[in-house]
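A.B. asks: This structure is in structure tokens; I'll ask about it shortly.
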Amino acid sequence: MSERETVPRPGDEPGDKSAAGAGERTIDKAQYGLAAVLAVVGIYTIVDARGLTVGFDDPVGPRLFPYLIGTGMVVLAVLLAVATARGDVAEGEEGEDIDLSTKADWVTVGKLVGILVLNLLTVNFLGWAITGALVFAGCAWALGSKTLLRDVIVGAVFSVGSWYFFYVGLDVPLPPGILDGIL
């Protein structure tokens, strides 16, 4: 829960209720906490990036992206603090296309967790190409898809494509599993 405080706006007369609360602003103190956490994580990211080693032939270097992300987090923290000081209060989610009065579907969440745990347990043996296809098809099934064959085919295309992208394009080996020598 966030703690909110109502304070009068500068220049308003005390007791002036002509605009039904227009002379008051709400300060959400939790937003200051979020801004502080965002700033601390951003600063930590920048400081930690200084320890990365830079290669000879790499013009960009591995430090660029942590510096950009850390700086972006610090800038967003400052903007959030300024917006909070001006009285900007986050709006609650109205749920345009969902019914917020319904309870969470824990059966679907359990299915998704089970599929991901199964992937963790089998990815080294079966390999990414197979388990990626099974994860895609399993998640589609858990979320209500009725076309299992299409989901498996689409999952296989995506997982084999991502396997080659990582292995050939990025030089990051994903486990081939039982397809070692075939892929």
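As shown in the structure tokens, the chain order sets the letters A, B, ...; within each chain, residues go from 1, and ligands are also counted from 1 in the order they appear.
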List every residue of segment 36-132 of chain A that DSSP, applied to the backbone, labels as alpha helix (DSSP H), and write the result as a count of residues only.
C.D. replies: 62
A.B. asks: Give me the residues near segment 66-83 of chain A as a list in words, where near means some atom within 10 Å (using only C-alpha atoms) and where sequence neighbours in that chain fewer than 6 positions away do not count.
C.D. replies: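 Answer for this query is Ile27, Lys29, Gln31, Tyr32, Gly33, Leu34, Ala35, Ala36, Val37, Leu38, Ala39, Val40, Val41, Gly42, Ile43, Tyr44, Thr45, Ile46, Val47, Asp48, Ala49, Arg50, Leu52 and Val89 of chain A.
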A.B. asks: Could you write out that same residue set with N, CA and C atoms as a PDB file, in the first residue's frame?
C.D. replies:
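Done, and the output landed in again-v5.pdb:
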ATOM      1  N   ILE A  27       0.294  13.677  -2.982  1.00  0.00           N
ATOM      2  CA  ILE A  27       1.661  13.205  -3.157  1.00  0.00           C
ATOM      3  C   ILE A  27       1.704  11.737  -2.747  1.00  0.00           C
ATOM      4  N   LYS A  29       3.840   8.969  -1.708  1.00  0.00           N
ATOM      5  CA  LYS A  29       5.198   8.793  -1.179  1.00  0.00           C
ATOM      6  C   LYS A  29       5.861   7.515  -1.697  1.00  0.00           C
ATOM      7  N   GLN A  31       5.939   6.556  -4.673  1.00  0.00           N
ATOM      8  CA  GLN A  31       6.626   6.871  -5.921  1.00  0.00           C
ATOM      9  C   GLN A  31       8.032   7.384  -5.649  1.00  0.00           C
ATOM     10  N   TYR A  32       8.222   8.076  -4.533  1.00  0.00           N
ATOM     11  CA  TYR A  32       9.586   8.494  -4.167  1.00  0.00           C
ATOM     12  C   TYR A  32      10.448   7.268  -3.858  1.00  0.00           C
ATOM     13  N   GLY A  33       9.870   6.276  -3.207  1.00  0.00           N
ATOM     14  CA  GLY A  33      10.608   5.040  -2.934  1.00  0.00           C
ATOM     15  C   GLY A  33      10.991   4.324  -4.220  1.00  0.00           C
ATOM     16  N   LEU A  34      10.053   4.276  -5.162  1.00  0.00           N
ATOM     17  CA  LEU A  34      10.344   3.651  -6.448  1.00  0.00           C
ATOM     18  C   LEU A  34      11.440   4.419  -7.185  1.00  0.00           C
ATOM     19  N   ALA A  35      11.383   5.746  -7.134  1.00  0.00           N
ATOM     20  CA  ALA A  35      12.416   6.562  -7.779  1.00  0.00           C
ATOM     21  C   ALA A  35      13.779   6.304  -7.132  1.00  0.00           C
ATOM     22  N   ALA A  36      13.805   6.158  -5.807  1.00  0.00           N
ATOM     23  CA  ALA A  36      15.070   5.900  -5.114  1.00  0.00           C
ATOM     24  C   ALA A  36      15.644   4.543  -5.505  1.00  0.00           C
ATOM     25  N   VAL A  37      14.795   3.520  -5.549  1.00  0.00           N
ATOM     26  CA  VAL A  37      15.262   2.186  -5.941  1.00  0.00           C
ATOM     27  C   VAL A  37      15.760   2.212  -7.381  1.00  0.00           C
ATOM     28  N   LEU A  38      15.036   2.886  -8.254  1.00  0.00           N
ATOM     29  CA  LEU A  38      15.441   2.995  -9.652  1.00  0.00           C
ATOM     30  C   LEU A  38      16.796   3.688  -9.774  1.00  0.00           C
ATOM     31  N   ALA A  39      17.001   4.749  -9.007  1.00  0.00           N
ATOM     32  CA  ALA A  39      18.280   5.465  -9.047  1.00  0.00           C
ATOM     33  C   ALA A  39      19.416   4.600  -8.506  1.00  0.00           C
ATOM     34  N   VAL A  40      19.179   3.891  -7.414  1.00  0.00           N
ATOM     35  CA  VAL A  40      20.226   3.043  -6.831  1.00  0.00           C
ATOM     36  C   VAL A  40      20.623   1.932  -7.799  1.00  0.00           C
ATOM     37  N   VAL A  41      19.642   1.288  -8.421  1.00  0.00           N
ATOM     38  CA  VAL A  41      19.958   0.216  -9.373  1.00  0.00           C
ATOM     39  C   VAL A  41      20.679   0.788 -10.593  1.00  0.00           C
ATOM     40  N   GLY A  42      20.269   1.965 -11.060  1.00  0.00           N
ATOM     41  CA  GLY A  42      20.948   2.596 -12.188  1.00  0.00           C
ATOM     42  C   GLY A  42      22.388   2.948 -11.872  1.00  0.00           C
ATOM     43  N   ILE A  43      22.622   3.512 -10.697  1.00  0.00           N
ATOM     44  CA  ILE A  43      23.983   3.862 -10.295  1.00  0.00           C
ATOM     45  C   ILE A  43      24.831   2.600 -10.127  1.00  0.00           C
ATOM     46  N   TYR A  44      24.250   1.561  -9.533  1.00  0.00           N
ATOM     47  CA  TYR A  44      24.982   0.302  -9.383  1.00  0.00           C
ATOM     48  C   TYR A  44      25.355  -0.272 -10.757  1.00  0.00           C
ATOM     49  N   THR A  45      24.438  -0.175 -11.716  1.00  0.00           N
ATOM     50  CA  THR A  45      24.713  -0.688 -13.056  1.00  0.00           C
ATOM     51  C   THR A  45      25.872   0.067 -13.695  1.00  0.00           C
ATOM     52  N   ILE A  46      25.888   1.381 -13.534  1.00  0.00           N
ATOM     53  CA  ILE A  46      26.974   2.189 -14.097  1.00  0.00           C
ATOM     54  C   ILE A  46      28.303   1.861 -13.429  1.00  0.00           C
ATOM     55  N   VAL A  47      28.310   1.778 -12.108  1.00  0.00           N
ATOM     56  CA  VAL A  47      29.549   1.497 -11.374  1.00  0.00           C
ATOM     57  C   VAL A  47      30.049   0.091 -11.691  1.00  0.00           C
ATOM     58  N   ASP A  48      29.140  -0.862 -11.747  1.00  0.00           N
ATOM     59  CA  ASP A  48      29.536  -2.243 -12.019  1.00  0.00           C
ATOM     60  C   ASP A  48      30.078  -2.404 -13.439  1.00  0.00           C
ATOM     61  N   ALA A  49      29.585  -1.607 -14.369  1.00  0.00           N
ATOM     62  CA  ALA A  49      30.062  -1.703 -15.755  1.00  0.00           C
ATOM     63  C   ALA A  49      31.520  -1.287 -15.882  1.00  0.00           C
ATOM     64  N   ARG A  50      32.013  -0.530 -14.948  1.00  0.00           N
ATOM     65  CA  ARG A  50      33.416  -0.109 -15.011  1.00  0.00           C
ATOM     66  C   ARG A  50      34.363  -1.299 -14.885  1.00  0.00           C
ATOM     67  N   LEU A  52      34.034  -4.194 -16.389  1.00  0.00           N
ATOM     68  CA  LEU A  52      34.044  -5.035 -17.583  1.00  0.00           C
ATOM     69  C   LEU A  52      35.321  -4.792 -18.381  1.00  0.00           C
ATOM     70  N   VAL A  89      -0.003  11.635  -9.813  1.00  0.00           N
ATOM     71  CA  VAL A  89      -0.323  10.391  -9.123  1.00  0.00           C
ATOM     72  C   VAL A  89      -0.679   9.356 -10.178  1.00  0.00           C
TER      73      VAL A  89
END
A.B. asks: Calculate how many Å separate atom CA of Pro176 of chain A from atom CA of Ala133 of chain A, rounding to one decimal.
C.D. replies: 13.0 Å
A.B. asks: Would you work out the distance separating atom CA of Tyr164 of chain A from atom CA of Leu183 of chain A, expressed in Å to one decimal?
C.D. replies: 8.3 Å
